[in-house]
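Step one of this worksheet: look at the structure below.
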Amino acid sequence: MNNLSYTKNLENVIKQMLFPLKGIPFNLVIENISGKKILPFNKNDKKDVILLKDLKRVAKIAGIQINKTGIMRARPNEVGNDVEPFVKKALLSIGYEAYTPRTIKSKQKKTMGYPDIEFIDKFNRTSYLECKTFNIQNINTTQRSFYLSPSEDFKVTKDAHHLIISYEIYIAGKIGKKNVFKCKSWKILNIEKLLVDVKYEFNTHNRQLYSKALILADGKL
């Protein structure tokens, strides 16, 4: 392939990247990134029925504790991370094992990124759990609320259910410049059939950005 053809093909690829991929099944994303399958949640399976019953207890226990203490944050989109410890403690309180997932390669616990929690149920089965919050005012909007960034050292290492516990939050008061958030309700989601979109991003690092070839001028103060 000559340089002209190569450049043309590259231009076409970049043009295609300007249009996001839409409606990709989440189970295929997980399987292709990790090599592990999302196990279907079966409402007619006794083990899954008991699991759901237990998770309802967890949602209530964690929600009650959140409302006792409140979560202090300036903005509502910061509250989701603070929900996780309450849910983890609630899982432990009903006899489940619950911990931060270890990654595929390094085997290190990784707090950032999907999923938040890995837990073991009464039947010694692994499930992954993400903790989210929502505002009832925008629950039916197209506001982006779920993110997953591919990683070579991904946190999904087993075939498992993939679930979400999400709390409806509201501002219950204010302390200084921070709001006190509490919750009104909860939802448990099975995201095996979730459809996700891919939006491409162009990025670089400091060594390239501040290279001598790009600097027009600099100075000291």
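Ligands are numbered from 1 in the order shown, chains are lettered A, B, ... in the order of the structure tokens, and residues start at 1 in each chain.
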
* Determine which residues of stretch 50-189 of chain A DSSP labels as strand (DSSP E) from the backbone of this structure, then write them out as a PyMOL selection string. => chain A and resi 71-73+97-99+117-120+126-134+161-175+178-189

>> Can you tell me, as a ChimeraX atom specification, which residues in stretch 8-209 of chain A count as alpha helix (DSSP H) by DSSP?
In response: /A:8-17,26-34,46-69,80-93,206-209

_Ranking A:Thr133, A:Asn140, A:Asn206, A:Thr157 by minimum distance to A:Thr103 and counting only C-alpha atoms, which one comes first?_
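The answer is A:Thr157, which sits nearest to A:Thr103.
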
* Extract, using only C-alpha atoms, all DNA, RNA and protein residues at most 12 Å from A:Asp159, discarding same-chain residues fewer than 4 positions from it, and format them as an NGL selection string. => :A and (27 or 30-31 or 34-40 or 118 or 125-128 or 155 or 192)

Which distance in Å separates atom CA of A:Gln108 and atom CA of A:Leu92, to one decimal?
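So the two atoms, atom CA of A:Gln108 and atom CA of A:Leu92, lie 21.0 Å apart.
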
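Look at A:Lys199: the protein and nucleic acid residues within 12 Å of it, using only C-alpha atoms and passing over chain neighbours fewer than 4 places away, are Gln16, Met17, Leu18, Phe19, Pro20, Leu21, Lys22, Gly23, Ile24, Arg144, Tyr147, Leu148 and Ser149 of chain A.
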
Quick one: write out the picked residues with N, CA and C atoms as a CSV table (one decimal), in the first residue's frame?
chain,number,residue,atom,x,y,z
A,16,GLN,N,-15.0,7.6,10.6
A,16,GLN,CA,-15.9,6.7,11.2
A,16,GLN,C,-15.9,6.8,12.7
A,17,MET,N,-14.8,7.2,13.3
A,17,MET,CA,-14.7,7.3,14.8
A,17,MET,C,-15.5,8.5,15.3
A,18,LEU,N,-15.8,9.4,14.4
A,18,LEU,CA,-16.6,10.6,14.9
A,18,LEU,C,-18.0,10.2,15.2
A,19,PHE,N,-18.5,9.0,14.8
A,19,PHE,CA,-19.8,8.6,15.0
A,19,PHE,C,-19.8,7.4,16.0
A,20,PRO,N,-20.4,7.6,17.2
A,20,PRO,CA,-20.3,6.6,18.3
A,20,PRO,C,-21.0,5.3,17.8
A,21,LEU,N,-20.5,4.2,18.3
A,21,LEU,CA,-21.2,2.9,18.2
A,21,LEU,C,-22.3,2.9,19.2
A,22,LYS,N,-23.5,2.4,18.8
A,22,LYS,CA,-24.6,2.5,19.7
A,22,LYS,C,-25.3,1.1,19.8
A,23,GLY,N,-25.9,0.8,21.0
A,23,GLY,CA,-26.7,-0.4,21.2
A,23,GLY,C,-25.9,-1.7,21.2
A,24,ILE,N,-24.7,-1.6,21.9
A,24,ILE,CA,-23.9,-2.8,22.0
A,24,ILE,C,-24.3,-3.6,23.2
A,144,ARG,N,-26.0,10.5,30.7
A,144,ARG,CA,-25.2,9.4,30.9
A,144,ARG,C,-24.9,9.1,32.4
A,147,TYR,N,-20.7,4.0,33.2
A,147,TYR,CA,-19.4,4.0,32.4
A,147,TYR,C,-18.6,2.8,32.6
A,148,LEU,N,-17.9,2.3,31.6
A,148,LEU,CA,-17.0,1.3,31.7
A,148,LEU,C,-15.8,1.5,30.7
A,149,SER,N,-14.6,1.6,31.3
A,149,SER,CA,-13.4,1.8,30.4
A,149,SER,C,-12.6,0.5,30.3

From the list A:Lys56, A:Lys8, A:Lys68, A:His162, the nearest residue to A:Cys183 using only C-alpha atoms is A:Lys68

Polymer residues at most 9 Å from A:Ala74, only C-alpha atoms, same-chain spacing of 3 or more positions, as a PDB file with N, CA and C atoms, in the first residue's frame:
ATOM      1  N   ASN A  77     -23.565  14.057  41.880  1.00  0.00           N
ATOM      2  CA  ASN A  77     -22.843  13.041  41.114  1.00  0.00           C
ATOM      3  C   ASN A  77     -21.621  12.496  41.854  1.00  0.00           C
ATOM      4  N   GLU A  78     -21.341  13.041  43.034  1.00  0.00           N
ATOM      5  CA  GLU A  78     -20.228  12.545  43.844  1.00  0.00           C
ATOM      6  C   GLU A  78     -20.686  11.516  44.885  1.00  0.00           C
ATOM      7  N   VAL A  79     -21.999  11.343  45.014  1.00  0.00           N
ATOM      8  CA  VAL A  79     -22.552  10.531  46.099  1.00  0.00           C
ATOM      9  C   VAL A  79     -22.390   9.024  45.846  1.00  0.00           C
ATOM     10  N   LYS A 177     -20.713  24.320  53.243  1.00  0.00           N
ATOM     11  CA  LYS A 177     -20.889  24.400  51.797  1.00  0.00           C
ATOM     12  C   LYS A 177     -21.330  23.071  51.184  1.00  0.00           C
ATOM     13  N   LYS A 178     -21.460  22.046  52.017  1.00  0.00           N
ATOM     14  CA  LYS A 178     -21.802  20.719  51.509  1.00  0.00           C
ATOM     15  C   LYS A 178     -23.262  20.374  51.790  1.00  0.00           C
ATOM     16  N   ASN A 179     -23.840  19.624  50.863  1.00  0.00           N
ATOM     17  CA  ASN A 179     -25.200  19.122  51.034  1.00  0.00           C
ATOM     18  C   ASN A 179     -25.178  17.800  51.795  1.00  0.00           C
ATOM     19  N   VAL A 180     -26.233  17.555  52.546  1.00  0.00           N
ATOM     20  CA  VAL A 180     -26.396  16.263  53.207  1.00  0.00           C
ATOM     21  C   VAL A 180     -27.401  15.450  52.393  1.00  0.00           C
TER      22      VAL A 180
END
